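Have a look at start.txt; it's compact mmCIF, C-alpha atoms:
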# COMPACT_ATOMS: atom_id res chain seq x y z
CA MET A 1 88.15 17.10 -151.39
CA LYS A 2 88.19 18.86 -148.03
CA GLN A 3 89.77 22.28 -147.90
CA LYS A 4 93.43 22.78 -147.10
CA LEU A 5 95.01 25.72 -145.28
CA VAL A 6 98.52 26.94 -146.17
CA VAL A 7 99.93 29.88 -144.20
CA LEU A 8 103.14 31.57 -145.35
CA SER A 9 104.66 34.02 -142.87
CA MET A 10 106.86 36.54 -144.68
CA ASP A 11 108.83 37.95 -141.76
CA ALA A 12 108.86 41.79 -141.75
CA MET A 13 106.62 42.15 -144.82
CA VAL A 14 104.65 45.40 -144.65
CA GLY A 15 101.65 46.89 -146.42
CA GLU A 16 103.82 48.87 -148.80
CA ASP A 17 105.32 45.60 -150.10
CA LEU A 18 101.91 44.44 -151.29
CA GLU A 19 101.66 47.33 -153.72
CA TYR A 20 104.78 46.11 -155.48
CA LEU A 21 103.80 42.43 -155.32
CA LYS A 22 100.53 43.29 -157.05
CA THR A 23 102.59 43.97 -160.18
CA LYS A 24 104.19 40.49 -160.12
CA PRO A 25 102.67 37.58 -162.07
CA ASN A 26 102.44 34.85 -159.43
CA TYR A 27 101.11 37.12 -156.68
CA GLN A 28 98.54 38.41 -159.18
CA LYS A 29 97.47 34.88 -160.01
CA LEU A 30 97.25 33.67 -156.43
CA MET A 31 96.09 36.76 -154.54
CA ALA A 32 94.27 38.84 -157.18
CA HIS A 33 91.00 38.84 -155.24
CA CYS A 34 92.25 38.44 -151.68
CA ALA A 35 90.62 39.39 -148.40
CA GLY A 36 92.27 40.59 -145.22
CA SER A 37 94.07 43.74 -144.18
CA LYS A 38 97.22 45.69 -145.04
CA VAL A 39 97.35 46.70 -141.36
CA ALA A 40 97.58 43.72 -139.00
CA GLN A 41 98.89 45.31 -135.84
CA THR A 42 101.35 43.15 -133.98
CA LEU A 43 102.03 42.76 -130.26
CA TYR A 44 104.55 44.28 -127.87
CA PRO A 45 107.43 43.66 -128.14
CA SER A 46 107.20 43.58 -131.93
CA ILE A 47 109.72 40.79 -132.45
CA THR A 48 109.65 37.50 -134.30
CA TYR A 49 109.19 34.70 -131.78
CA PRO A 50 106.59 36.34 -129.52
CA ALA A 51 104.70 37.50 -132.62
CA HIS A 52 104.65 34.07 -134.25
CA VAL A 53 103.43 32.48 -131.05
CA SER A 54 100.69 35.13 -130.94
CA ILE A 55 99.79 34.34 -134.55
CA MET A 56 99.37 30.63 -133.79
CA THR A 57 97.62 31.10 -130.42
CA GLY A 58 95.61 34.33 -130.69
CA CYS A 59 97.11 35.53 -127.41
CA PRO A 60 99.41 38.40 -126.36
CA ALA A 61 102.87 37.58 -125.07
CA GLY A 62 101.97 37.84 -121.40
CA LYS A 63 99.43 35.04 -121.82
CA HIS A 64 101.29 32.66 -124.12
CA GLY A 65 104.57 33.09 -122.23
CA ILE A 66 107.12 33.85 -124.98
CA ILE A 67 108.06 37.48 -124.29
CA ASP A 68 111.35 37.63 -126.16
CA ASN A 69 113.30 35.73 -128.81
CA VAL A 70 115.98 34.35 -126.51
CA THR A 71 116.32 33.12 -122.95
CA PHE A 72 117.40 35.47 -120.15
CA HIS A 73 120.90 34.61 -118.93
CA PRO A 74 122.76 37.62 -117.47
CA GLY A 75 126.46 37.48 -118.29
CA TYR A 76 126.13 34.77 -120.93
CA VAL A 77 128.41 35.39 -123.93
CA GLY A 78 127.82 32.29 -126.10
CA PRO A 79 125.49 31.84 -129.08
CA ALA A 80 121.98 33.13 -128.43
CA GLU A 81 119.68 30.54 -126.87
CA TRP A 82 116.46 30.96 -128.82
CA HIS A 83 113.12 29.60 -127.62
CA LEU A 84 112.72 26.36 -129.57
CA TYR A 85 110.20 24.00 -127.96
CA ARG A 86 106.40 23.85 -127.99
CA ASN A 87 106.30 23.05 -124.26
CA GLU A 88 107.48 26.62 -123.56
CA VAL A 89 104.12 27.92 -124.84
CA LYS A 90 101.48 28.14 -122.10
CA VAL A 91 98.30 28.03 -124.20
CA SER A 92 96.78 25.98 -127.02
CA THR A 93 97.69 26.59 -130.66
CA ILE A 94 96.07 26.35 -134.07
CA PHE A 95 97.77 22.96 -134.46
CA ASP A 96 95.91 21.73 -131.37
CA ALA A 97 92.65 23.02 -132.84
CA ALA A 98 93.34 21.25 -136.14
CA LYS A 99 94.08 17.91 -134.48
CA LYS A 100 90.80 18.13 -132.60
CA GLN A 101 89.13 18.27 -136.02
CA GLY A 102 91.03 15.18 -137.14
CA LEU A 103 93.26 17.08 -139.57
CA SER A 104 96.84 16.39 -140.57
CA THR A 105 99.27 19.15 -139.64
CA ALA A 106 102.67 20.38 -140.82
CA SER A 107 105.07 23.15 -139.83
CA ILE A 108 108.24 24.34 -141.55
CA TYR A 109 110.45 26.76 -139.61
CA TRP A 110 107.53 28.16 -137.60
CA PRO A 111 109.08 29.43 -134.33
CA VAL A 112 108.67 27.66 -130.99
CA THR A 113 107.18 24.41 -132.29
CA GLY A 114 109.97 21.94 -131.49
CA ASN A 115 108.70 18.44 -130.60
CA ASP A 116 105.06 19.53 -130.81
CA PRO A 117 103.03 16.31 -130.52
CA ASN A 118 100.19 17.85 -132.54
CA ILE A 119 102.35 18.61 -135.59
CA ASP A 120 102.55 15.48 -137.75
CA TYR A 121 105.25 16.77 -140.10
CA LEU A 122 107.67 19.15 -138.40
CA ILE A 123 110.82 20.93 -139.52
CA ASN A 124 111.56 23.12 -136.52
CA GLU A 125 113.12 26.55 -137.00
CA TYR A 126 116.75 26.02 -136.20
CA PHE A 127 119.78 27.77 -137.71
CA PHE A 128 122.40 25.42 -136.42
CA TYR A 129 125.52 25.40 -138.57
CA ASP A 130 128.67 27.42 -138.21
CA PRO A 131 130.19 28.11 -141.65
CA ALA A 132 133.51 26.73 -140.36
CA GLU A 133 131.86 23.32 -139.92
CA SER A 134 131.48 20.90 -142.77
CA ALA A 135 127.75 20.35 -142.55
CA THR A 136 126.94 16.88 -143.85
CA PRO A 137 123.46 15.72 -144.83
CA GLU A 138 123.58 13.27 -141.95
CA LYS A 139 124.15 16.06 -139.41
CA ILE A 140 121.37 18.14 -140.91
CA LEU A 141 118.89 15.28 -140.80
CA GLU A 142 119.95 14.43 -137.25
CA GLY A 143 119.37 18.03 -136.19
CA TYR A 144 115.85 18.16 -137.57
CA ALA A 145 115.00 14.74 -136.15
CA ARG A 146 116.06 15.93 -132.69
CA PHE A 147 113.32 18.57 -132.83
CA GLY A 148 110.56 16.27 -134.04
CA ALA A 149 110.98 15.48 -137.74
CA ASN A 150 109.74 11.99 -138.59
CA GLU A 151 110.96 9.89 -141.51
CA GLU A 152 108.36 11.20 -143.96
CA THR A 153 109.32 14.76 -143.05
CA LEU A 154 113.00 13.98 -143.49
CA LYS A 155 112.18 12.76 -146.99
CA ALA A 156 111.14 16.35 -147.82
CA VAL A 157 114.43 17.56 -146.36
CA ARG A 158 116.40 15.09 -148.47
CA GLU A 159 114.57 16.16 -151.62
CA ASN A 160 115.72 19.73 -151.03
CA MET A 161 119.23 19.21 -149.72
CA ASP A 162 120.58 20.95 -152.82
CA ARG A 163 118.88 24.10 -151.51
CA PHE A 164 120.32 23.89 -148.00
CA PRO A 165 122.29 27.15 -147.47
CA VAL A 166 125.79 26.11 -146.52
CA ASN A 167 126.91 29.74 -147.04
CA TYR A 168 124.10 31.39 -145.12
CA LYS A 169 126.38 33.38 -142.80
CA ASN A 170 128.50 34.82 -145.64
CA ARG A 171 126.01 37.53 -146.57
CA HIS A 172 127.01 40.91 -147.92
CA GLY A 173 124.44 43.31 -149.34
CA LYS A 174 122.46 41.31 -151.87
CA ILE A 175 121.48 37.86 -150.56
CA THR A 176 121.63 35.03 -153.06
CA LEU A 177 119.54 31.88 -152.97
CA ASP A 178 122.46 29.78 -151.73
CA GLN A 179 122.75 32.07 -148.70
CA THR A 180 119.20 31.81 -147.39
CA PHE A 181 117.27 29.10 -145.60
CA ASP A 182 114.13 30.42 -147.29
CA HIS A 183 114.89 28.75 -150.63
CA PHE A 184 115.27 25.47 -148.76
CA ILE A 185 112.09 26.15 -146.77
CA ASN A 186 110.08 26.84 -149.92
CA GLY A 187 111.34 23.65 -151.49
CA CYS A 188 110.30 21.68 -148.41
CA MET A 189 106.86 23.31 -148.57
CA CYS A 190 106.47 22.18 -152.18
CA SER A 191 107.58 18.65 -151.36
CA MET A 192 105.11 18.38 -148.49
CA ILE A 193 102.26 19.80 -150.57
CA ARG A 194 102.93 17.30 -153.38
CA ASN A 195 103.75 14.20 -151.35
CA ILE A 196 101.96 14.56 -148.00
CA LYS A 197 99.12 17.00 -148.73
CA PRO A 198 98.70 18.12 -145.10
CA ASP A 199 95.42 19.75 -144.18
CA LEU A 200 97.20 22.54 -142.29
CA LEU A 201 100.66 23.82 -143.21
CA LEU A 202 102.40 26.80 -141.59
CA ALA A 203 105.79 28.03 -142.78
CA HIS A 204 108.08 30.95 -141.88
CA ASN A 205 110.27 32.84 -144.36
CA CYS A 206 112.90 35.39 -143.21
CA ILE A 207 114.43 36.93 -146.33
CA LEU A 208 112.73 40.33 -146.06
CA ASP A 209 113.56 40.62 -142.37
CA THR A 210 117.22 39.79 -142.97
CA ILE A 211 117.59 42.23 -145.83
CA ARG A 212 115.87 45.05 -143.97
CA HIS A 213 118.10 44.58 -140.94
CA LYS A 214 121.16 44.83 -143.17
CA ASN A 215 120.10 47.53 -145.61
CA GLY A 216 117.18 49.53 -144.20
CA ILE A 217 113.44 49.43 -144.75
CA PHE A 218 113.03 50.29 -148.44
CA ASN A 219 115.77 49.81 -151.03
CA GLU A 220 116.71 47.88 -154.15
CA TYR A 221 117.67 44.82 -152.12
CA VAL A 222 114.14 44.62 -150.70
CA THR A 223 112.73 44.91 -154.22
CA GLU A 224 114.92 42.01 -155.34
CA ALA A 225 113.72 39.97 -152.37
CA LEU A 226 110.10 40.64 -153.36
CA ASP A 227 110.92 39.42 -156.87
CA ILE A 228 112.31 36.22 -155.32
CA THR A 229 109.19 35.96 -153.15
CA ASP A 230 107.05 36.00 -156.28
CA MET A 231 109.20 33.24 -157.75
CA TRP A 232 108.61 31.17 -154.60
CA LEU A 233 104.86 31.79 -154.88
CA GLY A 234 105.07 30.42 -158.41
CA GLU A 235 106.68 27.25 -157.07
CA LEU A 236 103.94 26.88 -154.47
CA ILE A 237 101.21 27.39 -157.08
CA GLN A 238 102.76 24.66 -159.21
CA ALA A 239 103.05 22.32 -156.21
CA MET A 240 99.38 22.81 -155.31
CA GLN A 241 98.38 22.23 -158.95
CA ASP A 242 100.51 19.07 -159.10
CA ALA A 243 98.87 17.84 -155.88
CA GLY A 244 95.38 18.63 -157.21
CA THR A 245 94.71 20.88 -154.20
CA TYR A 246 95.01 24.36 -155.72
CA GLU A 247 91.29 25.13 -156.00
CA ASP A 248 90.58 23.72 -152.52
CA THR A 249 93.37 25.53 -150.65
CA ASN A 250 92.92 28.56 -148.44
CA PHE A 251 96.24 30.33 -148.93
CA VAL A 252 97.36 33.04 -146.50
CA ILE A 253 100.30 35.43 -146.56
CA LEU A 254 100.92 37.22 -143.28
CA SER A 255 103.75 38.84 -141.34
CA ASP A 256 104.82 39.32 -137.77
CA HIS A 257 106.06 42.93 -137.59
CA GLY A 258 107.48 45.78 -139.64
CA GLN A 259 110.81 47.51 -139.18
CA MET A 260 112.11 51.05 -138.70
CA ASN A 261 115.48 52.55 -139.51
CA PHE A 262 117.58 53.73 -136.58
CA ALA A 263 120.70 55.81 -136.04
CA ARG A 264 122.54 54.47 -133.00
CA ARG A 265 122.97 51.37 -130.86
CA LEU A 266 123.07 51.72 -127.08
CA LYS A 267 123.97 49.30 -124.27
CA VAL A 268 121.43 49.71 -121.46
CA ASN A 269 123.56 47.53 -119.19
CA VAL A 270 126.43 50.01 -119.39
CA LEU A 271 124.04 52.61 -117.99
CA LEU A 272 123.03 50.18 -115.24
CA ASN A 273 126.72 49.56 -114.54
CA ARG A 274 127.32 53.30 -114.22
CA GLY A 275 124.44 53.45 -111.76
CA GLY A 276 125.97 50.75 -109.57
CA PHE A 277 123.53 47.97 -110.44
CA LEU A 278 126.12 45.68 -112.05
CA THR A 279 129.50 44.41 -110.91
CA VAL A 280 131.99 43.79 -113.71
CA ALA A 281 135.16 41.74 -113.14
CA GLU A 282 138.58 42.90 -114.26
CA ASP A 283 138.44 40.60 -117.28
CA GLY A 284 135.17 42.20 -118.39
CA SER A 285 132.91 39.34 -117.36
CA LEU A 286 129.77 39.97 -115.36
CA LYS A 287 130.47 39.23 -111.70
CA ASP A 288 127.10 40.10 -110.17
CA TRP A 289 123.98 42.12 -110.90
CA LYS A 290 121.07 43.80 -109.18
CA ALA A 291 119.45 44.87 -112.46
CA PHE A 292 120.12 43.60 -115.97
CA SER A 293 118.59 44.49 -119.32
CA LEU A 294 117.64 42.21 -122.21
CA SER A 295 117.26 43.91 -125.59
CA ASN A 296 114.30 43.36 -127.86
CA GLY A 297 115.69 45.67 -130.52
CA MET A 298 114.00 49.04 -130.10
CA SER A 299 112.74 48.17 -126.65
CA ALA A 300 114.39 46.46 -123.68
CA THR A 301 113.17 44.68 -120.59
CA VAL A 302 114.90 45.51 -117.31
CA HIS A 303 115.04 42.67 -114.80
CA VAL A 304 115.61 43.49 -111.13
CA LYS A 305 116.83 40.54 -109.09
CA GLU A 306 115.34 41.58 -105.73
CA LYS A 307 112.11 43.46 -105.19
CA LYS A 308 113.72 45.79 -102.65
CA ASP A 309 115.92 47.29 -105.39
CA GLU A 310 113.12 48.14 -107.82
CA LYS A 311 112.54 51.69 -106.58
CA ALA A 312 116.22 52.59 -106.78
CA VAL A 313 116.45 51.23 -110.33
CA TYR A 314 113.24 53.00 -111.34
CA ASP A 315 114.41 56.31 -109.91
CA TYR A 316 117.75 55.98 -111.67
CA LEU A 317 116.12 55.18 -115.02
CA ASN A 318 113.73 58.11 -114.65
CA ASP A 319 116.67 60.40 -113.96
CA LEU A 320 118.27 59.21 -117.20
CA LEU A 321 114.97 59.65 -119.02
CA SER A 322 114.70 63.24 -117.85
CA LYS A 323 118.03 64.06 -119.51
CA GLY A 324 116.62 63.05 -122.89
CA VAL A 325 119.85 61.66 -124.36
CA TYR A 326 119.95 57.99 -123.35
CA GLY A 327 117.89 56.42 -126.10
CA PHE A 328 114.54 55.73 -124.47
CA SER A 329 111.40 57.86 -124.45
CA LYS A 330 109.27 55.88 -121.96
CA ILE A 331 109.64 53.60 -118.97
CA TYR A 332 106.79 51.14 -118.54
CA THR A 333 106.37 49.34 -115.26
CA ARG A 334 105.40 45.70 -115.52
CA GLU A 335 101.86 46.60 -114.45
CA GLU A 336 101.57 49.41 -117.00
CA VAL A 337 102.77 47.39 -119.95
CA SER A 338 100.58 44.44 -118.95
CA GLU A 339 97.48 46.63 -118.90
CA LYS A 340 98.29 48.41 -122.17
CA TYR A 341 99.74 45.60 -124.30
CA GLY A 342 99.22 42.32 -122.48
CA LEU A 343 102.97 41.93 -121.93
CA ASP A 344 103.86 40.27 -118.65
CA GLY A 345 106.68 38.16 -117.31
CA ASP A 346 109.70 38.04 -115.05
CA PHE A 347 110.82 41.65 -115.53
CA SER A 348 110.28 44.94 -113.73
CA PHE A 349 110.37 47.59 -116.47
CA VAL A 350 110.33 48.06 -120.24
CA LEU A 351 112.27 50.83 -121.97
CA GLU A 352 110.81 52.10 -125.24
CA THR A 353 113.01 53.65 -127.92
CA ASP A 354 113.20 57.36 -128.62
CA GLY A 355 112.67 56.49 -132.28
CA PHE A 356 116.25 56.48 -133.47
CA THR A 357 118.00 54.22 -130.90
CA THR A 358 118.16 50.44 -130.68
CA PHE A 359 119.48 48.50 -127.70
CA SER A 360 121.96 45.68 -127.15
CA ASP A 361 122.94 43.51 -124.19
CA GLY A 362 126.61 44.36 -123.59
CA TRP A 363 127.75 45.68 -120.22
CA THR A 364 131.25 47.03 -120.92
CA GLU A 365 132.16 50.51 -122.12
CA PRO A 366 131.70 52.25 -124.47
CA VAL A 367 127.98 52.80 -124.14
CA LEU A 368 127.40 52.75 -127.91
CA ASN A 369 127.77 49.75 -130.23
CA ALA A 370 129.21 49.73 -133.71
CA VAL A 371 127.19 48.35 -136.61
CA ASP A 372 126.97 44.57 -136.28
CA PHE A 373 125.20 42.61 -139.02
CA SER A 374 125.50 39.35 -137.08
CA ASP A 375 123.02 40.74 -134.52
CA TYR A 376 119.52 41.52 -135.82
CA ARG A 377 119.30 44.39 -133.33
CA LEU A 378 122.40 46.22 -134.56
CA GLY A 379 122.27 46.59 -138.35
CA LYS A 380 120.51 49.47 -140.09
CA ALA A 381 116.87 48.76 -139.24
CA THR A 382 115.06 46.69 -136.64
CA HIS A 383 111.86 46.26 -134.63
CA GLY A 384 110.73 45.57 -131.08
CA TYR A 385 109.07 48.97 -130.61
CA GLU A 386 105.46 49.73 -129.71
CA PRO A 387 103.11 48.06 -132.22
CA GLU A 388 101.46 51.28 -133.39
CA LYS A 389 104.73 52.56 -134.85
CA GLY A 390 106.24 52.18 -138.29
CA PRO A 391 105.14 50.27 -141.40
CA GLN A 392 102.60 47.63 -140.44
CA PRO A 393 102.50 43.85 -140.98
CA VAL A 394 99.94 42.29 -143.33
CA PHE A 395 97.27 39.60 -143.40
CA VAL A 396 95.98 38.61 -146.85
CA CYS A 397 93.92 35.52 -147.61
CA THR A 398 92.45 33.77 -150.62
CA GLY A 399 90.56 30.55 -151.20
CA PRO A 400 87.15 28.93 -150.80
CA SER A 401 86.59 30.12 -147.23
CA PHE A 402 87.32 33.78 -147.92
CA LYS A 403 85.32 36.51 -149.60
CA LYS A 404 86.80 38.16 -152.67
CA ASP A 405 88.17 41.71 -152.65
CA VAL A 406 87.22 42.45 -149.03
CA MET A 407 89.96 44.33 -147.19
CA VAL A 408 89.23 45.55 -143.68
CA PRO A 409 91.12 48.69 -142.57
CA PHE A 410 92.61 47.15 -139.44
CA CYS A 411 93.03 43.90 -137.54
CA LYS A 412 95.50 42.44 -135.04
CA THR A 413 97.83 39.48 -135.27
CA ILE A 414 95.99 37.92 -132.33
CA ASP A 415 92.86 37.84 -134.53
CA GLU A 416 94.53 35.59 -137.08
CA ALA A 417 94.50 32.21 -135.32
CA PRO A 418 90.77 32.35 -134.45
CA THR A 419 89.98 33.45 -138.01
CA LEU A 420 92.09 30.76 -139.64
CA ALA A 421 90.76 28.05 -137.32
CA ARG A 422 87.23 28.95 -138.39
CA THR A 423 88.09 27.89 -141.97
CA PHE A 424 88.38 24.26 -140.86
CA GLY A 425 85.69 24.36 -138.17
CA GLY A 426 88.14 24.72 -135.31
CA GLU A 427 87.94 26.86 -132.21
CA MET A 428 90.54 28.73 -130.16
CA PRO A 429 88.92 28.98 -126.70
CA GLU A 430 91.97 30.54 -125.01
CA ALA A 431 92.47 33.19 -127.68
CA VAL A 432 92.14 36.87 -126.79
CA GLY A 433 91.78 37.83 -130.46
CA LYS A 434 88.48 37.63 -132.33
CA VAL A 435 87.37 36.07 -135.60
CA ILE A 436 87.45 38.61 -138.45
CA GLU A 437 83.94 37.79 -139.63
CA ASP A 438 83.89 40.35 -142.44
CA ILE A 439 86.43 38.48 -144.58
CA LEU A 440 84.91 34.99 -144.23
CA LYS A 441 82.12 33.55 -146.35
Is it possible to give me this structure as structure tokens?
Amino acid sequence: MKQKLVVLSMDAMVGEDLEYLKTKPNYQKLMAHCAGSKVAQTLYPSITYPAHVSIMTGCPAGKHGIIDNVTFHPGYVGPAEWHLYRNEVKVSTIFDAAKKQGLSTASIYWPVTGNDPNIDYLINEYFFYDPAESATPEKILEGYARFGANEETLKAVRENMDRFPVNYKNRHGKITLDQTFDHFINGCMCSMIRNIKPDLLLAHNCILDTIRHKNGIFNEYVTEALDITDMWLGELIQAMQDAGTYEDTNFVILSDHGQMNFARRLKVNVLLNRGGFLTVAEDGSLKDWKAFSLSNGMSATVHVKEKKDEKAVYDYLNDLLSKGVYGFSKIYTREEVSEKYGLDGDFSFVLETDGFTTFSDGWTEPVLNAVDFSDYRLGKATHGYEPEKGPQPVFVCTGPSFKKDVMVPFCKTIDEAPTLARTFGGEMPEAVGKVIEDILK
């Protein structure tokens, strides 16, 4: 049997989590002699969608084109418009590399893969139900089909409809299995492994990220989530054994970023309003703007509509920076952040946190936000900061293509796609990252 590759992204997992997982039975069984690194430095900004596109392309955000989680719409007050479709990504992916090798491909809740023609079995990441709605199985299936799920994929969805989290927005403190998409996702992974046996399967799990946003980086809720993670690994082990693929599967656990606790939540656009760069109507809506900020958690991009206004905005921001009380410790120009981190796009500046402030998008006073658990940027912990900071994401691998017990001290998330493609003979010619030769046989 040819080798399989299964990649499980545990959003916001960090190196410290591995020490606890090593005490759990299923992780011990699956990853006892793994290779990889407990420090897999992410990109800038250290947020989910840009990071996952980097993981599947081997490129920084400025090259692959996804520089934030959501689209930039100044003044928009509706539900966040997340990047959903593969055609938004400017470079080739690991799925493209796999298809060139004649392999079957699958993706479950991997960001920015909607309607990807090179993913045979696709359940796109999409959190699309309001708890006030009565979500029927028909609506759920219709939603996934709209983003590229074929009939065989929808069979996996149907098999796990009892796991679909109809109460996923009613979360308080401890998160139960009926409140998380991840239990549903894991069930779909098992169904695909048993019934379809794809050669390449990537899946994205968010439970650790959600709990850390709500409760902080390390606490009893995180420990409970790691216990659940080990249960899910047990399900995946059983599915691979049932499919007869366990011994021939390269299994990878990785993550996109860490998190840091913070103390306050600041609206950059209120500062821009005070500086005269926004016009707010009497009803509080945004009437016009010269400069507008989009939060990435503990960093924020500042977009200047017309080039002639850039100097005035830059001077104003530097004046705020000099006062030392407005939440940011650095101002990167677009050129500076492109050179240092490979971040580029339709923005003029990036503000980096002072270490205890996170940012939001509002433009009306007061300048500080209250705690808001519906917004990942405004709970108790978040990310988006420079990639060197905080607990680091992980990259651990086991299986026939990987050496045993070889952990390198450091790698980058952009190294992961080229390394994983090598396991099935694929190449990533557009990747900036490099193959981690030391962990491969």
Choose the residue, out of A:Asp346, A:Asp354, A:Asp288, A:Asp248, that has the smallest atom-to-atom separation from A:Met260; count only C-alpha atoms.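 Of the candidates, the smallest distance to A:Met260 is held by A:Asp354.
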Residues near A:Asn273, cut-off 10 Å, all atoms listed in the file, skip fewer than 2 positions along chain, as a ChimeraX atom specification: /A:268-271,275-280,289-292,363-365
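You can rank A:Glu220, A:Ala225, A:Ser191, A:Gly148 by their closest distance to A:Thr176 using all atoms listed in the file, and at the top of that list sits A:Ala225.
Between atom CA of A:Asp405 and atom CA of A:Leu18 lies a distance of 14.1 Å.
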Point (116.2, 55.7, -117.1) neighbourhood (9 Å, all atoms listed in the file) written as number ranges by chain: A: 271-272, 313-323, 326, 328, 330-331, 351
Output as a Markdown table one row per residue of stretch 368-439 of chain A within 7 Å of stretch 94-105 of chain A: the closest atom pair and its distance in Å to one decimal place, counting all atoms listed in the file, sorted by chain and residue number ascending.
| residue | atom | partner | partner_atom | distance |
| --- | --- | --- | --- | --- |
| A:Ala417 | CA | A:Ile94 | CA | 6.2 |
| A:Ala421 | CA | A:Ile94 | CA | 6.5 |
| A:Gly426 | CA | A:Ala97 | CA | 5.4 |
| A:Glu427 | CA | A:Ala97 | CA | 6.1 |
| A:Met428 | CA | A:Ala97 | CA | 6.7 |
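Computed from the coordinates, the atom CA of A:Leu420 to atom CA of A:Leu226 distance equals 24.7 Å.
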Nearest-residue call for A:Gly187, choices A:Lys174, A:Arg212, A:Lys155, A:Lys305, using only C-alpha atoms: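 Distance minimum relative to A:Gly187 lands on A:Lys155.
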Taking all atoms listed in the file into account, which of A:Gly216, A:Phe127, A:Ile119, A:Ile414 comes nearest A:Trp82? A:Phe127
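In this comparison, which uses all atoms listed in the file, the residue of A:Leu266, A:Leu208, A:Val337, A:Ala370 approaching A:Leu43 most closely is A:Val337.
Nearest to A:Val302 of all the residues A:Glu352, A:Asp283, A:Asp116, A:Asp199 is A:Glu352, counting only C-alpha atoms.
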Do a neighbour search on stretch 390-394 of chain A at 8 Å with only C-alpha atoms, toss out local chain neighbours closer than 6 positions, and write the hits as a ChimeraX atom specification. /A:12-16,37-42,253-260
For the selection you just gave me, I'd like the residues written to a file as a PDB file, keeping the file's coordinate frame, keeping C-alpha atoms.
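Contents of part_14.pdb, freshly written:
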ATOM      1  CA  ALA A  12     108.860  41.790-141.750  1.00  0.00           C
ATOM      2  CA  MET A  13     106.620  42.150-144.820  1.00  0.00           C
ATOM      3  CA  VAL A  14     104.650  45.400-144.650  1.00  0.00           C
ATOM      4  CA  GLY A  15     101.650  46.890-146.420  1.00  0.00           C
ATOM      5  CA  GLU A  16     103.820  48.870-148.800  1.00  0.00           C
ATOM      6  CA  SER A  37      94.070  43.740-144.180  1.00  0.00           C
ATOM      7  CA  LYS A  38      97.220  45.690-145.040  1.00  0.00           C
ATOM      8  CA  VAL A  39      97.350  46.700-141.360  1.00  0.00           C
ATOM      9  CA  ALA A  40      97.580  43.720-139.000  1.00  0.00           C
ATOM     10  CA  GLN A  41      98.890  45.310-135.840  1.00  0.00           C
ATOM     11  CA  THR A  42     101.350  43.150-133.980  1.00  0.00           C
ATOM     12  CA  ILE A 253     100.300  35.430-146.560  1.00  0.00           C
ATOM     13  CA  LEU A 254     100.920  37.220-143.280  1.00  0.00           C
ATOM     14  CA  SER A 255     103.750  38.840-141.340  1.00  0.00           C
ATOM     15  CA  ASP A 256     104.820  39.320-137.770  1.00  0.00           C
ATOM     16  CA  HIS A 257     106.060  42.930-137.590  1.00  0.00           C
ATOM     17  CA  GLY A 258     107.480  45.780-139.640  1.00  0.00           C
ATOM     18  CA  GLN A 259     110.810  47.510-139.180  1.00  0.00           C
ATOM     19  CA  MET A 260     112.110  51.050-138.700  1.00  0.00           C
TER      20      MET A 260
END
Mind pulling up the distance from atom CA of A:Leu141 to atom CA of A:Leu84?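 A separation of 16.9 Å between them.
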Env of stretch 66-68 of chain A: 8 Å cut, atoms = all atoms listed in the file, seq-sep filter 2 positions within chain, self excluded. Answer as an MDAnalysis selection string. chainID A and resid 45 47 49:50 53 61:62 64 70:71 83 88:89 296 343:345
